[in-house]
file input36.txt (compact mmCIF, C-alpha atoms)
# COMPACT_ATOMS: atom_id res chain seq x y z
CA MET O 652 49.91 173.73 209.35
CA PRO O 653 52.46 170.89 209.12
CA LYS O 654 51.40 167.44 210.15
CA PHE O 655 53.49 165.88 212.89
CA ASP O 656 53.83 162.13 213.26
CA LYS O 657 54.24 160.03 216.41
CA TRP O 658 58.04 160.33 216.21
CA ASP O 659 57.92 164.12 216.11
CA ARG O 660 55.67 164.09 219.17
CA ARG O 661 57.94 161.64 221.00
CA PHE O 662 61.09 163.65 220.31
CA MET O 663 59.38 166.90 221.33
CA GLU O 664 58.32 165.24 224.59
CA LEU O 665 61.94 164.21 225.11
CA THR O 666 63.09 167.84 224.71
CA GLU O 667 60.89 168.73 227.68
CA THR O 668 62.50 166.00 229.78
CA VAL O 669 65.99 167.13 228.79
CA ALA O 670 65.07 170.77 229.54
CA ASN O 671 64.37 169.74 233.14
CA TRP O 672 68.10 168.98 233.51
CA SER O 673 68.94 172.65 232.91
CA SER O 674 70.92 174.48 235.56
CA CYS O 675 69.63 177.89 234.46
CA TYR O 676 68.47 180.02 237.38
CA GLN O 677 65.39 181.20 235.47
CA LYS O 678 62.95 178.28 235.41
CA ASN O 679 61.13 179.70 232.37
CA ARG O 680 64.40 179.52 230.41
CA HIS O 681 65.02 175.80 230.80
CA VAL O 682 65.75 174.66 227.25
CA GLY O 683 66.22 171.15 225.91
CA ALA O 684 67.42 169.92 222.52
CA VAL O 685 67.52 166.50 220.90
CA ILE O 686 69.35 165.70 217.65
CA VAL O 687 67.78 162.82 215.74
CA LYS O 688 68.76 160.91 212.63
CA ASP O 689 66.71 158.06 211.13
CA ASN O 690 64.39 158.14 214.17
CA ARG O 691 67.36 157.54 216.49
CA VAL O 692 68.51 159.95 219.18
CA MET O 693 72.08 160.96 218.38
CA THR O 694 72.65 163.48 221.20
CA THR O 695 70.85 165.67 223.69
CA GLY O 696 71.64 169.04 225.18
CA TYR O 697 70.31 171.42 227.79
CA ASN O 698 71.34 174.93 228.77
CA GLY O 699 73.85 175.08 231.56
CA ALA O 700 77.29 176.28 232.55
CA PRO O 701 80.37 174.74 230.92
CA SER O 702 82.03 171.81 232.70
CA GLY O 703 83.82 172.94 235.85
CA ILE O 704 82.02 176.31 236.00
CA LYS O 705 79.38 176.98 238.67
CA SER O 706 75.95 177.48 237.17
CA CYS O 707 73.69 180.44 237.94
CA GLU O 708 71.50 178.01 239.85
CA GLU O 709 74.48 177.13 242.07
CA LYS O 710 75.41 180.81 242.40
CA GLY O 711 71.82 181.67 243.30
CA GLU O 712 71.37 184.40 240.73
CA CYS O 713 71.02 184.99 237.01
CA LEU O 714 73.79 187.15 235.55
CA ARG O 715 71.51 188.32 232.72
CA ARG O 716 68.77 189.34 235.13
CA LYS O 717 71.33 191.03 237.43
CA LEU O 718 72.63 193.07 234.46
CA ASN O 719 69.07 193.69 233.15
CA ILE O 720 69.85 192.21 229.70
CA PRO O 721 66.78 191.81 227.48
CA SER O 722 65.96 188.38 226.05
CA GLY O 723 67.38 187.77 222.59
CA THR O 724 70.36 190.12 223.06
CA GLN O 725 73.97 189.87 224.24
CA HIS O 726 74.02 186.05 224.33
CA GLU O 727 77.67 186.10 225.36
CA LEU O 728 76.77 187.59 228.75
CA CYS O 729 75.51 184.38 230.28
CA PHE O 730 77.21 181.48 232.03
CA ALA O 731 75.07 178.93 230.18
CA VAL O 732 75.93 177.14 226.98
CA HIS O 733 72.72 176.87 224.97
CA ALA O 734 70.96 173.50 224.66
CA GLU O 735 71.47 173.37 220.89
CA GLN O 736 75.16 174.17 221.28
CA ASN O 737 75.56 171.44 223.88
CA ALA O 738 73.83 168.89 221.64
CA VAL O 739 76.16 169.71 218.72
CA ILE O 740 79.21 169.76 221.03
CA GLN O 741 78.32 166.28 222.32
CA ALA O 742 78.18 165.00 218.74
CA ALA O 743 81.62 166.46 218.03
CA LYS O 744 83.08 165.23 221.32
CA PHE O 745 81.94 161.65 220.75
CA GLY O 746 82.39 161.49 216.95
CA ILE O 747 78.69 161.24 216.09
CA ASN O 748 77.70 162.19 212.54
CA ILE O 749 74.74 164.59 212.64
CA ASN O 750 74.93 165.73 209.01
CA GLY O 751 71.39 165.71 207.61
CA ALA O 752 69.82 165.30 211.06
CA THR O 753 66.80 166.96 212.66
CA LEU O 754 67.14 169.08 215.79
CA TYR O 755 64.13 169.18 218.11
CA CYS O 756 64.14 172.01 220.63
CA THR O 757 61.87 173.45 223.27
CA HIS O 758 62.62 176.97 221.96
CA GLN O 759 63.43 178.57 218.61
CA PRO O 760 67.23 178.76 218.25
CA CYS O 761 69.00 182.10 218.59
CA VAL O 762 71.26 183.43 215.83
CA ILE O 763 74.43 181.97 217.38
CA CYS O 764 72.84 178.53 217.60
CA ALA O 765 71.44 178.92 214.08
CA LYS O 766 74.96 179.42 212.70
CA ILE O 767 76.20 176.33 214.54
CA ILE O 768 73.20 174.25 213.42
CA ILE O 769 73.71 175.30 209.80
CA ASN O 770 77.44 174.48 209.83
CA ALA O 771 76.81 171.15 211.56
CA GLY O 772 74.73 170.11 208.52
CA ILE O 773 71.42 169.82 210.38
CA LYS O 774 68.68 170.09 207.78
CA ARG O 775 65.52 170.39 209.86
CA VAL O 776 64.66 172.19 213.10
CA ILE O 777 61.42 171.68 215.00
CA TYR O 778 60.79 173.95 217.97
CA LYS O 779 57.92 174.61 220.36
CA GLU O 780 58.33 178.09 221.88
CA GLY O 781 59.20 181.26 219.99
CA TYR O 782 62.23 183.46 220.64
CA PRO O 783 62.77 187.14 219.73
CA ASP O 784 65.40 186.55 217.04
CA ASP O 785 64.23 187.10 213.45
CA PHE O 786 67.79 187.06 212.13
CA SER O 787 68.17 183.38 213.03
CA MET O 788 65.09 182.59 210.94
CA GLN O 789 66.54 184.57 208.02
CA LEU O 790 69.79 182.57 208.20
CA PHE O 791 67.91 179.26 208.31
CA LYS O 792 65.93 180.30 205.23
CA GLU O 793 69.04 181.33 203.30
CA ALA O 794 70.75 178.04 204.23
CA ASN O 795 67.69 175.97 203.21
CA VAL O 796 67.22 174.57 206.70
CA GLU O 797 63.58 173.64 207.22
CA VAL O 798 62.29 175.25 210.41
CA ILE O 799 58.89 174.28 211.78
CA LYS O 800 57.02 175.46 214.86
CA PHE O 801 55.59 172.43 216.65
CA GLU O 802 51.89 172.82 217.27
CA GLU O 803 49.39 170.09 217.95
call {"tool": "encode", "arguments": {"input": "input36.txt", "output": "structure tokens"}}
result
Amino acid sequence: MPKFDKWDRRFMELTETVANWSSCYQKNRHVGAVIVKDNRVMTTGYNGAPSGIKSCEEKGECLRRKLNIPSGTQHELCFAVHAEQNAVIQAAKFGININGATLYCTHQPCVICAKIIINAGIKRVIYKEGYPDDFSMQLFKEANVEVIKFEE
């Protein structure tokens, strides 16, 4: 089992705070992400609708639940942008270099997020909750991105 230091614990705690900002209708799917470099927070992200689009929370229903879509499938059928995606987008939007950074996340990234994380140059991912997406883990392994489940 990997040993986590005080910084890892602090950044994982921050992911929980950021997850509370989520506008996802399903409370159990509130996800937060924090990108860190040299023990400095570079960006944060949470899952929610794109700017100018009403969230499922505002609409009062979850599109995925309405369409009976199983977790880990058909990611495109959701109003929310994933937390990891939003964190990387914020870095791009504000010109923040995240190459070589660590991404902390409340949940294991899906395959779409994994591809974005890999191409953004993030070298380490620490997550707390699992997610039914083995292909994302395969991609991380092939790309030599260190992925660690956070357990105390």
call {"tool": "closest_residue", "arguments": {"input": "input36.txt", "among": "O:Asn770, O:Ser787, O:Thr753, O:Asn748", "to": "Phe662 in chain O", "atoms": "all atoms listed in the file"}}
result
O:Thr753
call {"tool": "closest_residue", "arguments": {"input": "input36.txt", "among": "O:Asn679, O:Thr695, O:Ser702, O:Thr668", "to": "Leu754 in chain O", "atoms": "all atoms listed in the file"}}
result
O:Thr695
call {"tool": "atom_distance", "arguments": {"input": "input36.txt", "atom1": "CA of Asn671 in chain O", "atom2": "CA of Cys761 in chain O"}}
result
19.6 Å
call {"tool": "residues_around", "arguments": {"input": "input36.txt", "residues": "Gly683 in chain O", "least_positions_apart": "6", "cutoff": "6 Å", "atoms": "all atoms listed in the file", "output": "list in words"}}
result
Thr666, Val669, Ala670, Gly696, Tyr697, Ala734, Cys756 and Thr757 of chain O
call {"tool": "residues_around", "arguments": {"input": "input36.txt", "residues": "Met693 in chain O", "least_positions_apart": "6", "cutoff": "8 Å", "atoms": "all atoms listed in the file", "output": "PyMOL selection string"}}
result
chain O and resi 685-687+742+747+749
call {"tool": "closest_residue", "arguments": {"input": "input36.txt", "among": "O:Arg716, O:Lys792, O:Lys710, O:Lys688", "to": "Lys766 in chain O", "atoms": "all atoms listed in the file"}}
result
O:Lys792
call {"tool": "atom_distance", "arguments": {"input": "input36.txt", "atom1": "CA of Gln736 in chain O", "atom2": "CA of Ala684 in chain O"}}
result
8.9 Å
call {"tool": "residues_around", "arguments": {"input": "input36.txt", "residues": "Ala771 in chain O", "least_positions_apart": "4", "cutoff": "8 Å", "atoms": "all atoms listed in the file", "output": "number ranges by chain"}}
result
O: 739, 749-750, 767
call {"tool": "closest_atom_pairs", "arguments": {"input": "input36.txt", "of": "range 653-763 of chain O", "to": "range 783-786 of chain O", "cutoff": "12 Å", "atoms": "all atoms listed in the file", "output": "tab-separated table"}}
result
residue	atom	partner	partner_atom	distance
O:Pro721	CA	O:Pro783	CA	9.9
O:Ser722	CA	O:Pro783	CA	7.2
O:Gly723	CA	O:Pro783	CA	5.5
O:Thr724	CA	O:Asp784	CA	8.6
O:Gln725	CA	O:Asp784	CA	11.7
O:His726	CA	O:Asp784	CA	11.3
O:His758	CA	O:Pro783	CA	10.4
O:Gln759	CA	O:Asp784	CA	8.4
O:Pro760	CA	O:Asp784	CA	8.1
O:Cys761	CA	O:Asp784	CA	5.9
O:Val762	CA	O:Phe786	CA	6.2
O:Ile763	CA	O:Phe786	CA	9.9
call {"tool": "residues_around", "arguments": {"input": "input36.txt", "residues": "Glu797 in chain O", "least_positions_apart": "4", "cutoff": "9 Å", "atoms": "only C-alpha atoms", "output": "MDAnalysis selection string"}}
result
chainID O and resid 774:777 791:792
call {"tool": "closest_residue", "arguments": {"input": "input36.txt", "among": "O:Lys717, O:Glu780, O:Gly711, O:Ala743", "to": "His681 in chain O", "atoms": "only C-alpha atoms"}}
result
O:Glu780
call {"tool": "decode", "arguments": {"input": "input36.txt", "residues": "range 658-672 of chain O", "atoms": "all heavy atoms", "output": "PDB file, in the first residue's frame"}}
result
ATOM      1  N   TRP O 658       0.562  16.316   2.374  1.00  0.00           N
ATOM      2  CA  TRP O 658       0.104  17.064   1.200  1.00  0.00           C
ATOM      3  C   TRP O 658      -0.940  16.262   0.435  1.00  0.00           C
ATOM      4  O   TRP O 658      -1.952  16.807   0.005  1.00  0.00           O
ATOM      5  CB  TRP O 658       1.283  17.443   0.301  1.00  0.00           C
ATOM      6  CG  TRP O 658       2.145  18.474   0.940  1.00  0.00           C
ATOM      7  CD1 TRP O 658       3.370  18.280   1.539  1.00  0.00           C
ATOM      8  CD2 TRP O 658       1.834  19.864   1.112  1.00  0.00           C
ATOM      9  NE1 TRP O 658       3.833  19.462   2.040  1.00  0.00           N
ATOM     10  CE2 TRP O 658       2.912  20.459   1.793  1.00  0.00           C
ATOM     11  CE3 TRP O 658       0.758  20.656   0.743  1.00  0.00           C
ATOM     12  CZ2 TRP O 658       2.943  21.803   2.116  1.00  0.00           C
ATOM     13  CZ3 TRP O 658       0.783  22.006   1.062  1.00  0.00           C
ATOM     14  CH2 TRP O 658       1.873  22.563   1.748  1.00  0.00           C
ATOM     15  N   ASP O 659      -0.671  14.965   0.255  1.00  0.00           N
ATOM     16  CA  ASP O 659      -1.655  14.114  -0.418  1.00  0.00           C
ATOM     17  C   ASP O 659      -2.987  14.162   0.318  1.00  0.00           C
ATOM     18  O   ASP O 659      -4.047  14.297  -0.297  1.00  0.00           O
ATOM     19  CB  ASP O 659      -1.169  12.662  -0.484  1.00  0.00           C
ATOM     20  CG  ASP O 659       0.023  12.463  -1.394  1.00  0.00           C
ATOM     21  OD1 ASP O 659       0.091  13.125  -2.449  1.00  0.00           O
ATOM     22  OD2 ASP O 659       0.889  11.628  -1.062  1.00  0.00           O
ATOM     23  N   ARG O 660      -2.942  14.063   1.630  1.00  0.00           N
ATOM     24  CA  ARG O 660      -4.175  14.107   2.423  1.00  0.00           C
ATOM     25  C   ARG O 660      -4.879  15.459   2.277  1.00  0.00           C
ATOM     26  O   ARG O 660      -6.097  15.536   2.123  1.00  0.00           O
ATOM     27  CB  ARG O 660      -3.878  13.795   3.892  1.00  0.00           C
ATOM     28  CG  ARG O 660      -3.593  12.310   4.126  1.00  0.00           C
ATOM     29  CD  ARG O 660      -3.507  11.972   5.606  1.00  0.00           C
ATOM     30  NE  ARG O 660      -2.293  12.478   6.245  1.00  0.00           N
ATOM     31  CZ  ARG O 660      -1.096  11.907   6.150  1.00  0.00           C
ATOM     32  NH1 ARG O 660      -0.954  10.802   5.445  1.00  0.00           N
ATOM     33  NH2 ARG O 660      -0.057  12.418   6.763  1.00  0.00           N
ATOM     34  N   ARG O 661      -4.116  16.534   2.301  1.00  0.00           N
ATOM     35  CA  ARG O 661      -4.701  17.874   2.160  1.00  0.00           C
ATOM     36  C   ARG O 661      -5.380  18.043   0.798  1.00  0.00           C
ATOM     37  O   ARG O 661      -6.492  18.576   0.710  1.00  0.00           O
ATOM     38  CB  ARG O 661      -3.627  18.952   2.312  1.00  0.00           C
ATOM     39  CG  ARG O 661      -3.149  19.130   3.721  1.00  0.00           C
ATOM     40  CD  ARG O 661      -1.996  20.090   3.773  1.00  0.00           C
ATOM     41  NE  ARG O 661      -1.553  20.289   5.147  1.00  0.00           N
ATOM     42  CZ  ARG O 661      -0.442  20.907   5.481  1.00  0.00           C
ATOM     43  NH1 ARG O 661       0.355  21.410   4.544  1.00  0.00           N
ATOM     44  NH2 ARG O 661      -0.106  21.045   6.741  1.00  0.00           N
ATOM     45  N   PHE O 662      -4.698  17.621  -0.250  1.00  0.00           N
ATOM     46  CA  PHE O 662      -5.262  17.791  -1.592  1.00  0.00           C
ATOM     47  C   PHE O 662      -6.475  16.890  -1.802  1.00  0.00           C
ATOM     48  O   PHE O 662      -7.434  17.282  -2.478  1.00  0.00           O
ATOM     49  CB  PHE O 662      -4.199  17.591  -2.662  1.00  0.00           C
ATOM     50  CG  PHE O 662      -3.110  18.630  -2.616  1.00  0.00           C
ATOM     51  CD1 PHE O 662      -1.772  18.265  -2.629  1.00  0.00           C
ATOM     52  CD2 PHE O 662      -3.419  19.982  -2.528  1.00  0.00           C
ATOM     53  CE1 PHE O 662      -0.764  19.224  -2.575  1.00  0.00           C
ATOM     54  CE2 PHE O 662      -2.420  20.951  -2.467  1.00  0.00           C
ATOM     55  CZ  PHE O 662      -1.089  20.563  -2.491  1.00  0.00           C
ATOM     56  N   MET O 663      -6.466  15.692  -1.201  1.00  0.00           N
ATOM     57  CA  MET O 663      -7.640  14.826  -1.293  1.00  0.00           C
ATOM     58  C   MET O 663      -8.813  15.440  -0.536  1.00  0.00           C
ATOM     59  O   MET O 663      -9.957  15.364  -0.994  1.00  0.00           O
ATOM     60  CB  MET O 663      -7.329  13.421  -0.771  1.00  0.00           C
ATOM     61  CG  MET O 663      -6.518  12.574  -1.740  1.00  0.00           C
ATOM     62  SD  MET O 663      -7.214  12.441  -3.413  1.00  0.00           S
ATOM     63  CE  MET O 663      -8.732  11.583  -3.101  1.00  0.00           C
ATOM     64  N   GLU O 664      -8.552  16.062   0.600  1.00  0.00           N
ATOM     65  CA  GLU O 664      -9.612  16.764   1.334  1.00  0.00           C
ATOM     66  C   GLU O 664     -10.189  17.887   0.475  1.00  0.00           C
ATOM     67  O   GLU O 664     -11.400  18.116   0.456  1.00  0.00           O
ATOM     68  CB  GLU O 664      -9.072  17.346   2.643  1.00  0.00           C
ATOM     69  CG  GLU O 664      -8.820  16.325   3.717  1.00  0.00           C
ATOM     70  CD  GLU O 664      -8.163  16.929   4.951  1.00  0.00           C
ATOM     71  OE1 GLU O 664      -8.169  18.171   5.117  1.00  0.00           O
ATOM     72  OE2 GLU O 664      -7.625  16.153   5.761  1.00  0.00           O
ATOM     73  N   LEU O 665      -9.325  18.579  -0.242  1.00  0.00           N
ATOM     74  CA  LEU O 665      -9.770  19.676  -1.105  1.00  0.00           C
ATOM     75  C   LEU O 665     -10.664  19.158  -2.231  1.00  0.00           C
ATOM     76  O   LEU O 665     -11.631  19.821  -2.617  1.00  0.00           O
ATOM     77  CB  LEU O 665      -8.570  20.441  -1.665  1.00  0.00           C
ATOM     78  CG  LEU O 665      -8.871  21.677  -2.496  1.00  0.00           C
ATOM     79  CD1 LEU O 665      -9.752  22.671  -1.739  1.00  0.00           C
ATOM     80  CD2 LEU O 665      -7.568  22.342  -2.929  1.00  0.00           C
ATOM     81  N   THR O 666     -10.388  17.963  -2.750  1.00  0.00           N
ATOM     82  CA  THR O 666     -11.250  17.409  -3.810  1.00  0.00           C
ATOM     83  C   THR O 666     -12.676  17.236  -3.307  1.00  0.00           C
ATOM     84  O   THR O 666     -13.630  17.447  -4.062  1.00  0.00           O
ATOM     85  CB  THR O 666     -10.743  16.059  -4.365  1.00  0.00           C
ATOM     86  OG1 THR O 666     -10.815  15.054  -3.360  1.00  0.00           O
ATOM     87  CG2 THR O 666      -9.355  16.154  -4.945  1.00  0.00           C
ATOM     88  N   GLU O 667     -12.813  16.874  -2.032  1.00  0.00           N
ATOM     89  CA  GLU O 667     -14.154  16.710  -1.447  1.00  0.00           C
ATOM     90  C   GLU O 667     -14.880  18.057  -1.369  1.00  0.00           C
ATOM     91  O   GLU O 667     -16.074  18.147  -1.637  1.00  0.00           O
ATOM     92  CB  GLU O 667     -14.058  16.071  -0.060  1.00  0.00           C
ATOM     93  CG  GLU O 667     -13.493  14.666  -0.052  1.00  0.00           C
ATOM     94  CD  GLU O 667     -14.389  13.621  -0.696  1.00  0.00           C
ATOM     95  OE1 GLU O 667     -15.608  13.855  -0.847  1.00  0.00           O
ATOM     96  OE2 GLU O 667     -13.858  12.555  -1.056  1.00  0.00           O
ATOM     97  N   THR O 668     -14.152  19.097  -1.007  1.00  0.00           N
ATOM     98  CA  THR O 668     -14.740  20.440  -0.950  1.00  0.00           C
ATOM     99  C   THR O 668     -15.187  20.873  -2.337  1.00  0.00           C
ATOM    100  O   THR O 668     -16.309  21.352  -2.529  1.00  0.00           O
ATOM    101  CB  THR O 668     -13.720  21.452  -0.378  1.00  0.00           C
ATOM    102  OG1 THR O 668     -13.386  21.053   0.950  1.00  0.00           O
ATOM    103  CG2 THR O 668     -14.275  22.863  -0.380  1.00  0.00           C
ATOM    104  N   VAL O 669     -14.311  20.687  -3.317  1.00  0.00           N
ATOM    105  CA  VAL O 669     -14.624  21.077  -4.697  1.00  0.00           C
ATOM    106  C   VAL O 669     -15.810  20.265  -5.228  1.00  0.00           C
ATOM    107  O   VAL O 669     -16.673  20.799  -5.930  1.00  0.00           O
ATOM    108  CB  VAL O 669     -13.380  20.930  -5.600  1.00  0.00           C
ATOM    109  CG1 VAL O 669     -13.727  21.170  -7.060  1.00  0.00           C
ATOM    110  CG2 VAL O 669     -12.278  21.880  -5.148  1.00  0.00           C
ATOM    111  N   ALA O 670     -15.890  18.994  -4.863  1.00  0.00           N
ATOM    112  CA  ALA O 670     -17.003  18.140  -5.311  1.00  0.00           C
ATOM    113  C   ALA O 670     -18.345  18.688  -4.836  1.00  0.00           C
ATOM    114  O   ALA O 670     -19.361  18.538  -5.527  1.00  0.00           O
ATOM    115  CB  ALA O 670     -16.808  16.711  -4.808  1.00  0.00           C
ATOM    116  N   ASN O 671     -18.350  19.352  -3.695  1.00  0.00           N
ATOM    117  CA  ASN O 671     -19.595  19.930  -3.171  1.00  0.00           C
ATOM    118  C   ASN O 671     -20.128  21.060  -4.047  1.00  0.00           C
ATOM    119  O   ASN O 671     -21.281  21.464  -3.893  1.00  0.00           O
ATOM    120  CB  ASN O 671     -19.392  20.433  -1.738  1.00  0.00           C
ATOM    121  CG  ASN O 671     -19.307  19.293  -0.764  1.00  0.00           C
ATOM    122  OD1 ASN O 671     -19.970  18.274  -0.925  1.00  0.00           O
ATOM    123  ND2 ASN O 671     -18.484  19.451   0.255  1.00  0.00           N
ATOM    124  N   TRP O 672     -19.321  21.588  -4.948  1.00  0.00           N
ATOM    125  CA  TRP O 672     -19.756  22.643  -5.861  1.00  0.00           C
ATOM    126  C   TRP O 672     -20.491  22.075  -7.075  1.00  0.00           C
ATOM    127  O   TRP O 672     -21.042  22.833  -7.875  1.00  0.00           O
ATOM    128  CB  TRP O 672     -18.564  23.467  -6.327  1.00  0.00           C
ATOM    129  CG  TRP O 672     -17.734  24.072  -5.234  1.00  0.00           C
ATOM    130  CD1 TRP O 672     -18.104  24.303  -3.937  1.00  0.00           C
ATOM    131  CD2 TRP O 672     -16.381  24.513  -5.334  1.00  0.00           C
ATOM    132  NE1 TRP O 672     -17.062  24.862  -3.235  1.00  0.00           N
ATOM    133  CE2 TRP O 672     -15.985  25.001  -4.067  1.00  0.00           C
ATOM    134  CE3 TRP O 672     -15.450  24.533  -6.375  1.00  0.00           C
ATOM    135  CZ2 TRP O 672     -14.723  25.508  -3.812  1.00  0.00           C
ATOM    136  CZ3 TRP O 672     -14.184  25.040  -6.115  1.00  0.00           C
ATOM    137  CH2 TRP O 672     -13.832  25.527  -4.851  1.00  0.00           C
TER     138      TRP O 672
END
